[in-house]
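Shown here: my_file_17.cif, mmCIF, C-alpha atoms; chains and numbers go by the auth columns.
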data_work
#
loop_
_atom_site.group_PDB
_atom_site.id
_atom_site.type_symbol
_atom_site.label_atom_id
_atom_site.label_comp_id
_atom_site.label_asym_id
_atom_site.label_seq_id
_atom_site.Cartn_x
_atom_site.Cartn_y
_atom_site.Cartn_z
_atom_site.B_iso_or_equiv
_atom_site.auth_seq_id
_atom_site.auth_asym_id
ATOM 1 C CA MET A 1 59.072 -60.941 -16.544 0.00 948 A
ATOM 2 C CA THR A 2 57.765 -59.838 -19.929 0.00 949 A
ATOM 3 C CA THR A 3 54.919 -57.414 -20.283 0.00 950 A
ATOM 4 C CA GLN A 4 52.540 -57.615 -23.197 0.00 951 A
ATOM 5 C CA PRO A 5 52.298 -54.411 -25.250 0.00 952 A
ATOM 6 C CA LEU A 6 49.006 -52.578 -25.018 0.00 953 A
ATOM 7 C CA THR A 7 46.716 -53.441 -27.925 0.00 954 A
ATOM 8 C CA VAL A 8 43.492 -51.975 -29.234 0.00 955 A
ATOM 9 C CA ARG A 9 40.697 -53.789 -27.409 0.00 956 A
ATOM 10 C CA ASP A 10 37.395 -52.984 -25.728 0.00 957 A
ATOM 11 C CA GLY A 11 37.811 -50.614 -22.816 0.00 958 A
ATOM 12 C CA MET A 12 40.940 -48.940 -24.199 0.00 959 A
ATOM 13 C CA VAL A 13 41.185 -45.237 -25.009 0.00 960 A
ATOM 14 C CA VAL A 14 42.662 -45.113 -28.507 0.00 961 A
ATOM 15 C CA THR A 15 44.385 -42.084 -30.009 0.00 962 A
ATOM 16 C CA LEU A 16 44.166 -42.388 -33.772 0.00 963 A
ATOM 17 C CA ASP A 17 45.723 -40.444 -36.607 0.00 964 A
ATOM 18 C CA TYR A 18 43.762 -40.998 -39.786 0.00 965 A
ATOM 19 C CA THR A 19 43.154 -39.860 -43.315 0.00 966 A
ATOM 20 C CA LEU A 20 39.831 -40.725 -44.922 0.00 967 A
ATOM 21 C CA ARG A 21 39.597 -40.865 -48.715 0.00 968 A
ATOM 22 C CA ARG A 22 37.004 -41.592 -51.359 0.00 969 A
ATOM 23 C CA GLU A 23 37.603 -44.337 -53.913 0.00 970 A
ATOM 24 C CA ASN A 24 39.126 -41.772 -56.295 0.00 971 A
ATOM 25 C CA GLY A 25 41.725 -40.800 -53.669 0.00 972 A
ATOM 26 C CA GLU A 26 40.119 -37.452 -52.765 0.00 973 A
ATOM 27 C CA ILE A 27 40.651 -36.679 -49.073 0.00 974 A
ATOM 28 C CA ILE A 28 37.352 -36.315 -47.192 0.00 975 A
ATOM 29 C CA ASP A 29 38.772 -35.816 -43.698 0.00 976 A
ATOM 30 C CA THR A 30 42.097 -36.101 -41.896 0.00 977 A
ATOM 31 C CA SER A 31 43.592 -35.582 -38.463 0.00 978 A
ATOM 32 C CA VAL A 32 46.952 -34.669 -40.012 0.00 979 A
ATOM 33 C CA GLY A 33 47.920 -31.161 -38.976 0.00 980 A
ATOM 34 C CA ARG A 34 45.447 -31.090 -36.101 0.00 981 A
ATOM 35 C CA GLU A 35 44.625 -33.123 -33.017 0.00 982 A
ATOM 36 C CA ALA A 36 44.394 -36.908 -33.357 0.00 983 A
ATOM 37 C CA LEU A 37 41.022 -38.571 -32.714 0.00 984 A
ATOM 38 C CA GLU A 38 40.609 -39.984 -29.209 0.00 985 A
ATOM 39 C CA TYR A 39 37.789 -42.470 -28.606 0.00 986 A
ATOM 40 C CA LEU A 40 36.762 -45.419 -26.427 0.00 987 A
ATOM 41 C CA GLN A 41 37.154 -48.738 -28.295 0.00 988 A
ATOM 42 C CA GLY A 42 34.035 -50.927 -28.183 0.00 989 A
ATOM 43 C CA ALA A 43 31.673 -48.046 -27.361 0.00 990 A
ATOM 44 C CA GLY A 44 30.429 -47.526 -30.931 0.00 991 A
ATOM 45 C CA GLN A 45 31.851 -44.006 -31.185 0.00 992 A
ATOM 46 C CA ILE A 46 33.386 -44.561 -34.617 0.00 993 A
ATOM 47 C CA ILE A 47 31.942 -46.392 -37.617 0.00 994 A
ATOM 48 C CA PRO A 48 31.714 -50.163 -37.041 0.00 995 A
ATOM 49 C CA GLY A 49 33.910 -51.206 -39.973 0.00 996 A
ATOM 50 C CA LEU A 50 36.811 -49.053 -38.813 0.00 997 A
ATOM 51 C CA GLU A 51 36.415 -50.000 -35.142 0.00 998 A
ATOM 52 C CA GLN A 52 36.475 -53.729 -36.006 0.00 999 A
ATOM 53 C CA ALA A 53 39.588 -53.373 -38.169 0.00 1000 A
ATOM 54 C CA LEU A 54 41.647 -51.711 -35.416 0.00 1001 A
ATOM 55 C CA TYR A 55 41.402 -54.537 -32.844 0.00 1002 A
ATOM 56 C CA GLY A 56 44.823 -55.908 -31.880 0.00 1003 A
ATOM 57 C CA MET A 57 46.873 -52.996 -33.220 0.00 1004 A
ATOM 58 C CA VAL A 58 49.719 -51.529 -31.122 0.00 1005 A
ATOM 59 C CA VAL A 59 51.064 -47.979 -30.791 0.00 1006 A
ATOM 60 C CA GLY A 60 52.935 -46.974 -33.931 0.00 1007 A
ATOM 61 C CA GLU A 61 51.174 -49.533 -36.124 0.00 1008 A
ATOM 62 C CA GLU A 62 49.602 -48.326 -39.371 0.00 1009 A
ATOM 63 C CA ARG A 63 46.876 -49.991 -41.375 0.00 1010 A
ATOM 64 C CA ARG A 64 44.920 -49.252 -44.565 0.00 1011 A
ATOM 65 C CA VAL A 65 41.265 -50.037 -43.872 0.00 1012 A
ATOM 66 C CA VAL A 66 38.577 -50.289 -46.551 0.00 1013 A
ATOM 67 C CA VAL A 67 35.059 -49.943 -45.136 0.00 1014 A
ATOM 68 C CA ALA A 68 32.001 -50.924 -47.181 0.00 1015 A
ATOM 69 C CA PRO A 69 28.884 -48.708 -46.919 0.00 1016 A
ATOM 70 C CA GLU A 70 26.988 -51.229 -44.749 0.00 1017 A
ATOM 71 C CA ASP A 71 29.789 -51.011 -42.149 0.00 1018 A
ATOM 72 C CA ALA A 72 30.029 -47.213 -42.404 0.00 1019 A
ATOM 73 C CA TYR A 73 27.091 -44.851 -42.977 0.00 1020 A
ATOM 74 C CA GLY A 74 24.782 -47.310 -44.739 0.00 1021 A
ATOM 75 C CA GLU A 75 23.383 -47.322 -48.224 0.00 1022 A
ATOM 76 C CA VAL A 76 21.549 -44.312 -49.657 0.00 1023 A
ATOM 77 C CA ASP A 77 17.876 -44.464 -48.642 0.00 1024 A
ATOM 78 C CA PRO A 78 15.676 -42.896 -51.339 0.00 1025 A
ATOM 79 C CA GLU A 79 12.909 -42.533 -48.705 0.00 1026 A
ATOM 80 C CA ALA A 80 15.145 -40.075 -46.821 0.00 1027 A
ATOM 81 C CA VAL A 81 14.869 -37.422 -49.560 0.00 1028 A
ATOM 82 C CA HIS A 82 11.952 -34.996 -49.227 0.00 1029 A
ATOM 83 C CA LEU A 83 10.585 -31.987 -51.099 0.00 1030 A
ATOM 84 C CA ILE A 84 9.785 -29.304 -48.520 0.00 1031 A
ATOM 85 C CA PRO A 85 7.662 -26.285 -49.561 0.00 1032 A
ATOM 86 C CA HIS A 86 9.374 -22.891 -49.436 0.00 1033 A
ATOM 87 C CA SER A 87 6.733 -21.786 -46.915 0.00 1034 A
ATOM 88 C CA ALA A 88 8.290 -24.146 -44.326 0.00 1035 A
ATOM 89 C CA PHE A 89 11.443 -22.003 -44.217 0.00 1036 A
ATOM 90 C CA PRO A 90 11.751 -18.678 -42.397 0.00 1037 A
ATOM 91 C CA PRO A 91 11.011 -15.690 -44.665 0.00 1038 A
ATOM 92 C CA GLY A 92 14.144 -14.312 -46.282 0.00 1039 A
ATOM 93 C CA MET A 93 16.248 -17.377 -45.488 0.00 1040 A
ATOM 94 C CA GLU A 94 18.756 -18.005 -48.281 0.00 1041 A
ATOM 95 C CA VAL A 95 18.778 -21.739 -49.035 0.00 1042 A
ATOM 96 C CA GLU A 96 21.417 -23.053 -51.436 0.00 1043 A
ATOM 97 C CA PRO A 97 22.406 -26.558 -52.606 0.00 1044 A
ATOM 98 C CA GLY A 98 25.061 -28.102 -50.371 0.00 1045 A
ATOM 99 C CA MET A 99 23.949 -26.284 -47.206 0.00 1046 A
ATOM 100 C CA VAL A 100 23.522 -28.406 -44.087 0.00 1047 A
ATOM 101 C CA LEU A 101 20.452 -27.603 -41.990 0.00 1048 A
ATOM 102 C CA GLN A 102 19.244 -28.628 -38.550 0.00 1049 A
ATOM 103 C CA VAL A 103 15.653 -29.803 -39.000 0.00 1050 A
ATOM 104 C CA ARG A 104 13.152 -30.399 -36.195 0.00 1051 A
ATOM 105 C CA ASN A 105 10.282 -32.856 -36.799 0.00 1052 A
ATOM 106 C CA GLN A 106 6.794 -32.723 -35.271 0.00 1053 A
ATOM 107 C CA TYR A 107 8.076 -34.673 -32.230 0.00 1054 A
ATOM 108 C CA GLY A 108 10.802 -32.114 -31.514 0.00 1055 A
ATOM 109 C CA GLU A 109 13.638 -34.406 -32.625 0.00 1056 A
ATOM 110 C CA VAL A 110 16.469 -32.622 -34.430 0.00 1057 A
ATOM 111 C CA SER A 111 18.306 -34.176 -37.352 0.00 1058 A
ATOM 112 C CA GLN A 112 20.673 -32.947 -40.036 0.00 1059 A
ATOM 113 C CA ALA A 113 19.749 -32.662 -43.665 0.00 1060 A
ATOM 114 C CA TRP A 114 21.588 -31.222 -46.598 0.00 1061 A
ATOM 115 C CA VAL A 115 20.032 -29.213 -49.370 0.00 1062 A
ATOM 116 C CA ALA A 116 20.206 -31.386 -52.494 0.00 1063 A
ATOM 117 C CA ASP A 117 18.350 -28.964 -54.775 0.00 1064 A
ATOM 118 C CA VAL A 118 16.261 -25.788 -54.771 0.00 1065 A
ATOM 119 C CA GLN A 119 13.280 -25.976 -57.139 0.00 1066 A
ATOM 120 C CA PRO A 120 10.381 -23.607 -57.866 0.00 1067 A
ATOM 121 C CA GLU A 121 7.998 -25.857 -55.891 0.00 1068 A
ATOM 122 C CA GLY A 122 10.265 -26.307 -52.877 0.00 1069 A
ATOM 123 C CA VAL A 123 13.580 -27.383 -51.400 0.00 1070 A
ATOM 124 C CA VAL A 124 14.843 -30.964 -51.768 0.00 1071 A
ATOM 125 C CA LEU A 125 16.275 -32.047 -48.397 0.00 1072 A
ATOM 126 C CA ASP A 126 18.358 -35.202 -48.136 0.00 1073 A
ATOM 127 C CA PHE A 127 18.489 -36.782 -44.671 0.00 1074 A
ATOM 128 C CA ASN A 128 21.021 -39.436 -45.739 0.00 1075 A
ATOM 129 C CA HIS A 129 24.484 -39.027 -44.242 0.00 1076 A
ATOM 130 C CA PRO A 130 26.678 -37.279 -46.855 0.00 1077 A
ATOM 131 C CA LEU A 131 28.924 -40.386 -46.907 0.00 1078 A
ATOM 132 C CA ALA A 132 26.043 -42.872 -47.242 0.00 1079 A
ATOM 133 C CA GLY A 133 26.541 -45.345 -50.064 0.00 1080 A
ATOM 134 C CA MET A 134 30.302 -44.763 -50.196 0.00 1081 A
ATOM 135 C CA THR A 135 33.122 -47.217 -49.673 0.00 1082 A
ATOM 136 C CA LEU A 136 35.571 -45.427 -47.384 0.00 1083 A
ATOM 137 C CA TYR A 137 39.360 -45.750 -47.404 0.00 1084 A
ATOM 138 C CA PHE A 138 41.144 -45.031 -44.125 0.00 1085 A
ATOM 139 C CA ASP A 139 44.866 -44.745 -43.492 0.00 1086 A
ATOM 140 C CA ALA A 140 44.914 -45.323 -39.729 0.00 1087 A
ATOM 141 C CA LYS A 141 47.820 -45.083 -37.295 0.00 1088 A
ATOM 142 C CA ILE A 142 47.602 -45.821 -33.579 0.00 1089 A
ATOM 143 C CA VAL A 143 49.460 -43.002 -31.805 0.00 1090 A
ATOM 144 C CA GLY A 144 48.314 -43.646 -28.236 0.00 1091 A
ATOM 145 C CA LEU A 145 46.676 -46.311 -26.066 0.00 1092 A
ATOM 146 C CA ARG A 146 45.659 -46.371 -22.430 0.00 1093 A
ATOM 147 C CA PRO A 147 43.104 -48.229 -20.337 0.00 1094 A
ATOM 148 C CA ALA A 148 39.896 -46.237 -19.868 0.00 1095 A
ATOM 149 C CA THR A 149 39.154 -44.968 -16.376 0.00 1096 A
ATOM 150 C CA PRO A 150 36.200 -46.522 -14.530 0.00 1097 A
ATOM 151 C CA GLU A 151 34.268 -43.257 -15.036 0.00 1098 A
ATOM 152 C CA GLU A 152 34.932 -43.316 -18.805 0.00 1099 A
ATOM 153 C CA LEU A 153 33.725 -46.924 -18.991 0.00 1100 A
ATOM 154 C CA ILE A 154 30.514 -46.031 -17.121 0.00 1101 A
ATOM 155 C CA HIS A 155 29.861 -42.973 -19.302 0.00 1102 A
ATOM 156 C CA GLY A 156 30.874 -44.751 -22.520 0.00 1103 A
ATOM 157 C CA HIS A 157 33.160 -41.994 -23.776 0.00 1104 A
ATOM 158 C CA VAL A 158 36.559 -40.394 -23.225 0.00 1105 A
ATOM 159 C CA HIS A 159 36.954 -37.555 -20.743 0.00 1106 A
ATOM 160 C CA GLY A 160 39.456 -34.983 -21.891 0.00 1107 A
ATOM 161 C CA ALA A 161 42.187 -33.312 -19.888 0.00 1108 A
ATOM 162 C CA GLY A 162 40.924 -30.830 -17.355 0.00 1109 A
ATOM 163 C CA GLY A 163 37.593 -32.601 -16.983 0.00 1110 A
ATOM 164 C CA HIS A 164 35.932 -31.354 -20.158 0.00 1111 A
ATOM 165 C CA GLU A 165 34.177 -33.951 -22.282 0.00 1112 A
ATOM 166 C CA HIS A 166 34.396 -34.406 -26.044 0.00 1113 A
#

Using the file provided, produce a representation of the structure as structure tokens.
Amino acid sequence: MTTQPLTVRDGMVVTLDYTLRRENGEIIDTSVGREALEYLQGAGQIIPGLEQALYGMVVGEERRVVVAPEDAYGEVDPEAVHLIPHSAFPPGMEVEPGMVLQVRNQYGEVSQAWVADVQPEGVVLDFNHPLAGMTLYFDAKIVGLRPATPEELIHGHVHGAGGHEH
């Protein structure tokens, strides 16, 4: 009796080692030297272009994956850049370009924005994801695979050891 090796497919918990680079080779993020990424395949927890490219891989397999902006964080939306008057910020708050801020809208929804510029008339906040508009280059290696538990499938995410959730 031969058993088929486990492959990356919907409903599998995938443990992934990765390095993410820009087009120029600069490393943006990596799991090397820290814990590998664990996620539920098919649950939309990682960017669509990477998730699609990993289907069918087995433990130990490595793959270079190039993800276009539309399959990653989208194109840059010029409508997502806003000039906010200084009066909207708490008095004495130091705001500098590159800072990431949690911003609450009039409906109470919180989103992240980064400070693109500080001008005399206000602060330019960019609500685009910092990787929007970029083609991303992943070196991906499958380091673990297991079927998700029924509870993980219901919740749509991986439950860590000891019952804590990621």

Looking at A:Pro952, A:Gly958, A:Pro1077, A:Pro1044, which one is nearest to Ala1063 (chain A), with distances taken over all atoms listed in the file?
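For Ala1063 (chain A), the nearest of the given residues is A:Pro1044.
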
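CA of Thr1082 (chain A) sits 9.1 Å away from CA of Arg968 (chain A).
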
The residues within 10 Å of (40.5, -34.6, -33.1), using only C-alpha atoms and the coordinates of the file, should be reported as JSON, numbers by chain; which are they?
{"A": [962, 963, 964, 965, 977, 978, 979, 981, 982, 983, 984, 985, 986, 1113]}

List as a PyMOL selection string the residues having at least one atom at most 12 Å from position (36.3, -47.0, -23.1) as given in the file, counting all atoms listed in the file.
chain A and resi 955-962+985-992+1092-1106

Within 12 Å of region 1010-1016 of chain A, which residues of region 1023-1080 of chain A show up? Give each one with its shortest atom-to-atom distance in Å (one decimal) and the two atoms involved, counting all atoms listed in the file, rows by chain then rising residue number, as JSON lines.
{"residue": "A:Val1023", "atom": "CA", "partner": "A:Pro1016", "partner_atom": "CA", "distance": 9.0}
{"residue": "A:Asp1024", "atom": "CA", "partner": "A:Pro1016", "partner_atom": "CA", "distance": 11.9}
{"residue": "A:His1076", "atom": "CA", "partner": "A:Pro1016", "partner_atom": "CA", "distance": 11.0}
{"residue": "A:Pro1077", "atom": "CA", "partner": "A:Pro1016", "partner_atom": "CA", "distance": 11.6}
{"residue": "A:Leu1078", "atom": "CA", "partner": "A:Pro1016", "partner_atom": "CA", "distance": 8.3}
{"residue": "A:Ala1079", "atom": "CA", "partner": "A:Pro1016", "partner_atom": "CA", "distance": 6.5}
{"residue": "A:Gly1080", "atom": "CA", "partner": "A:Pro1016", "partner_atom": "CA", "distance": 5.2}

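Under the PyMOL selection byres ((chain A and resi 1018) around 9), the matching residues in the shown file are Ile994, Pro995, Gly996, Leu997, Val1014, Ala1015, Pro1016, Glu1017, Ala1019, Tyr1020 and Gly1021 of chain A.
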
Write the residues you've just listed into a file as a PDB file, in the frame of the given file, and include C-alpha atoms for each of them.
ATOM      1  CA  ILE A 994      31.942 -46.392 -37.617  1.00  0.00           C
ATOM      2  CA  PRO A 995      31.714 -50.163 -37.041  1.00  0.00           C
ATOM      3  CA  GLY A 996      33.910 -51.206 -39.973  1.00  0.00           C
ATOM      4  CA  LEU A 997      36.811 -49.053 -38.813  1.00  0.00           C
ATOM      5  CA  VAL A1014      35.059 -49.943 -45.136  1.00  0.00           C
ATOM      6  CA  ALA A1015      32.001 -50.924 -47.181  1.00  0.00           C
ATOM      7  CA  PRO A1016      28.884 -48.708 -46.919  1.00  0.00           C
ATOM      8  CA  GLU A1017      26.988 -51.229 -44.749  1.00  0.00           C
ATOM      9  CA  ALA A1019      30.029 -47.213 -42.404  1.00  0.00           C
ATOM     10  CA  TYR A1020      27.091 -44.851 -42.977  1.00  0.00           C
ATOM     11  CA  GLY A1021      24.782 -47.310 -44.739  1.00  0.00           C
TER      12      GLY A1021
END

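Proximity ranking of A:Ile975, A:Leu1072, A:Glu1008, A:Val1090 relative to Gln1049 (chain A) places A:Leu1072 first, based on all atoms listed in the file.
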
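Of note, CA of Leu1001 (chain A) and CA of Arg969 (chain A) are spaced 19.4 Å apart.
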
Nearest to Met1046 (chain A), restricted to only C-alpha atoms and choosing among A:Ile993, A:Leu1083, A:Leu953, A:Val1062, comes out as A:Val1062

Find the residue from A:Val1057, A:Met1040, A:His1033, A:Pro1025 that sits nearest to Asn1075 (chain A); use all atoms listed in the file when measuring.
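Of the candidates, the smallest distance to Asn1075 (chain A) is held by A:Pro1025.
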
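One distance worth recording is that between CA of Glu973 (chain A) and CA of Lys1088 (chain A), which is 18.9 Å.
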
Evaluate the PyMOL selection byres ((chain A and resi 1030) around 12) against this structure - the residues, as a PDB file with C-alpha atoms, in the frame of the given file, please.
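What follows is the written file part.pdb:
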ATOM      1  CA  GLU A1026      12.909 -42.533 -48.705  1.00  0.00           C
ATOM      2  CA  ALA A1027      15.145 -40.075 -46.821  1.00  0.00           C
ATOM      3  CA  VAL A1028      14.869 -37.422 -49.560  1.00  0.00           C
ATOM      4  CA  HIS A1029      11.952 -34.996 -49.227  1.00  0.00           C
ATOM      5  CA  ILE A1031       9.785 -29.304 -48.520  1.00  0.00           C
ATOM      6  CA  PRO A1032       7.662 -26.285 -49.561  1.00  0.00           C
ATOM      7  CA  HIS A1033       9.374 -22.891 -49.436  1.00  0.00           C
ATOM      8  CA  SER A1034       6.733 -21.786 -46.915  1.00  0.00           C
ATOM      9  CA  ALA A1035       8.290 -24.146 -44.326  1.00  0.00           C
ATOM     10  CA  ALA A1060      19.749 -32.662 -43.665  1.00  0.00           C
ATOM     11  CA  TRP A1061      21.588 -31.222 -46.598  1.00  0.00           C
ATOM     12  CA  VAL A1062      20.032 -29.213 -49.370  1.00  0.00           C
ATOM     13  CA  ALA A1063      20.206 -31.386 -52.494  1.00  0.00           C
ATOM     14  CA  ASP A1064      18.350 -28.964 -54.775  1.00  0.00           C
ATOM     15  CA  VAL A1065      16.261 -25.788 -54.771  1.00  0.00           C
ATOM     16  CA  GLN A1066      13.280 -25.976 -57.139  1.00  0.00           C
ATOM     17  CA  PRO A1067      10.381 -23.607 -57.866  1.00  0.00           C
ATOM     18  CA  GLU A1068       7.998 -25.857 -55.891  1.00  0.00           C
ATOM     19  CA  GLY A1069      10.265 -26.307 -52.877  1.00  0.00           C
ATOM     20  CA  VAL A1070      13.580 -27.383 -51.400  1.00  0.00           C
ATOM     21  CA  VAL A1071      14.843 -30.964 -51.768  1.00  0.00           C
ATOM     22  CA  LEU A1072      16.275 -32.047 -48.397  1.00  0.00           C
ATOM     23  CA  ASP A1073      18.358 -35.202 -48.136  1.00  0.00           C
ATOM     24  CA  PHE A1074      18.489 -36.782 -44.671  1.00  0.00           C
TER      25      PHE A1074
END

Please define a box with edges along x, y and z of the file around all atoms of region 997-1007 of chain A given in the file, extend it by 6 Å on each side, and return its centre and edge lengths in Å to one decimal, as AutoDock Vina command-line options.
--center_x 44.7 --center_y -51.4 --center_z -34.8 --size_x 28.5 --size_y 20.9 --size_z 20.0

Missing atoms in region 1076-1096 of chain A need filling: write out N, CA and C atoms for it as a JSON list (two decimals), in the coordinates of the input.
[["chain", "number", "residue", "atom", "x", "y", "z"],
["A", 1076, "HIS", "N", 23.17, -39.54, -44.59],
["A", 1076, "HIS", "CA", 24.48, -39.03, -44.24],
["A", 1076, "HIS", "C", 25.22, -38.72, -45.55],
["A", 1077, "PRO", "N", 25.98, -37.62, -45.60],
["A", 1077, "PRO", "CA", 26.68, -37.28, -46.86],
["A", 1077, "PRO", "C", 27.60, -38.39, -47.36],
["A", 1078, "LEU", "N", 28.05, -39.29, -46.48],
["A", 1078, "LEU", "CA", 28.92, -40.39, -46.91],
["A", 1078, "LEU", "C", 28.17, -41.70, -47.09],
["A", 1079, "ALA", "N", 26.84, -41.66, -47.02],
["A", 1079, "ALA", "CA", 26.04, -42.87, -47.24],
["A", 1079, "ALA", "C", 26.30, -43.40, -48.65],
["A", 1080, "GLY", "N", 26.35, -44.72, -48.76],
["A", 1080, "GLY", "CA", 26.54, -45.34, -50.06],
["A", 1080, "GLY", "C", 27.98, -45.39, -50.54],
["A", 1081, "MET", "N", 28.90, -44.80, -49.77],
["A", 1081, "MET", "CA", 30.30, -44.76, -50.20],
["A", 1081, "MET", "C", 31.14, -45.83, -49.50],
["A", 1082, "THR", "N", 32.06, -46.41, -50.26],
["A", 1082, "THR", "CA", 33.12, -47.22, -49.67],
["A", 1082, "THR", "C", 34.19, -46.23, -49.22],
["A", 1083, "LEU", "N", 34.63, -46.38, -47.97],
["A", 1083, "LEU", "CA", 35.57, -45.43, -47.38],
["A", 1083, "LEU", "C", 36.94, -46.07, -47.22],
["A", 1084, "TYR", "N", 37.98, -45.28, -47.46],
["A", 1084, "TYR", "CA", 39.36, -45.75, -47.40],
["A", 1084, "TYR", "C", 40.09, -44.97, -46.32],
["A", 1085, "PHE", "N", 40.46, -45.67, -45.24],
["A", 1085, "PHE", "CA", 41.14, -45.03, -44.12],
["A", 1085, "PHE", "C", 42.61, -45.44, -44.10],
["A", 1086, "ASP", "N", 43.49, -44.47, -43.90],
["A", 1086, "ASP", "CA", 44.87, -44.74, -43.49],
["A", 1086, "ASP", "C", 44.87, -44.43, -42.00],
["A", 1087, "ALA", "N", 45.03, -45.47, -41.18],
["A", 1087, "ALA", "CA", 44.91, -45.32, -39.73],
["A", 1087, "ALA", "C", 46.25, -45.64, -39.07],
["A", 1088, "LYS", "N", 46.60, -44.83, -38.07],
["A", 1088, "LYS", "CA", 47.82, -45.08, -37.30],
["A", 1088, "LYS", "C", 47.49, -44.90, -35.82],
["A", 1089, "ILE", "N", 47.81, -45.90, -35.02],
["A", 1089, "ILE", "CA", 47.60, -45.82, -33.58],
["A", 1089, "ILE", "C", 48.75, -45.00, -32.99],
["A", 1090, "VAL", "N", 48.42, -43.86, -32.37],
["A", 1090, "VAL", "CA", 49.46, -43.00, -31.80],
["A", 1090, "VAL", "C", 49.42, -42.99, -30.28],
["A", 1091, "GLY", "N", 48.38, -43.57, -29.69],
["A", 1091, "GLY", "CA", 48.31, -43.65, -28.24],
["A", 1091, "GLY", "C", 47.30, -44.68, -27.79],
["A", 1092, "LEU", "N", 47.59, -45.32, -26.65],
["A", 1092, "LEU", "CA", 46.68, -46.31, -26.07],
["A", 1092, "LEU", "C", 46.79, -46.23, -24.55],
["A", 1093, "ARG", "N", 45.65, -46.27, -23.89],
["A", 1093, "ARG", "CA", 45.66, -46.37, -22.43],
["A", 1093, "ARG", "C", 44.36, -47.02, -21.99],
["A", 1094, "PRO", "N", 44.37, -47.69, -20.84],
["A", 1094, "PRO", "CA", 43.10, -48.23, -20.34],
["A", 1094, "PRO", "C", 42.16, -47.08, -19.98],
["A", 1095, "ALA", "N", 40.88, -47.25, -20.25],
["A", 1095, "ALA", "CA", 39.90, -46.24, -19.87],
["A", 1095, "ALA", "C", 39.77, -46.22, -18.35],
["A", 1096, "THR", "N", 39.41, -45.06, -17.81],
["A", 1096, "THR", "CA", 39.15, -44.97, -16.38],
["A", 1096, "THR", "C", 37.79, -45.59, -16.09]]
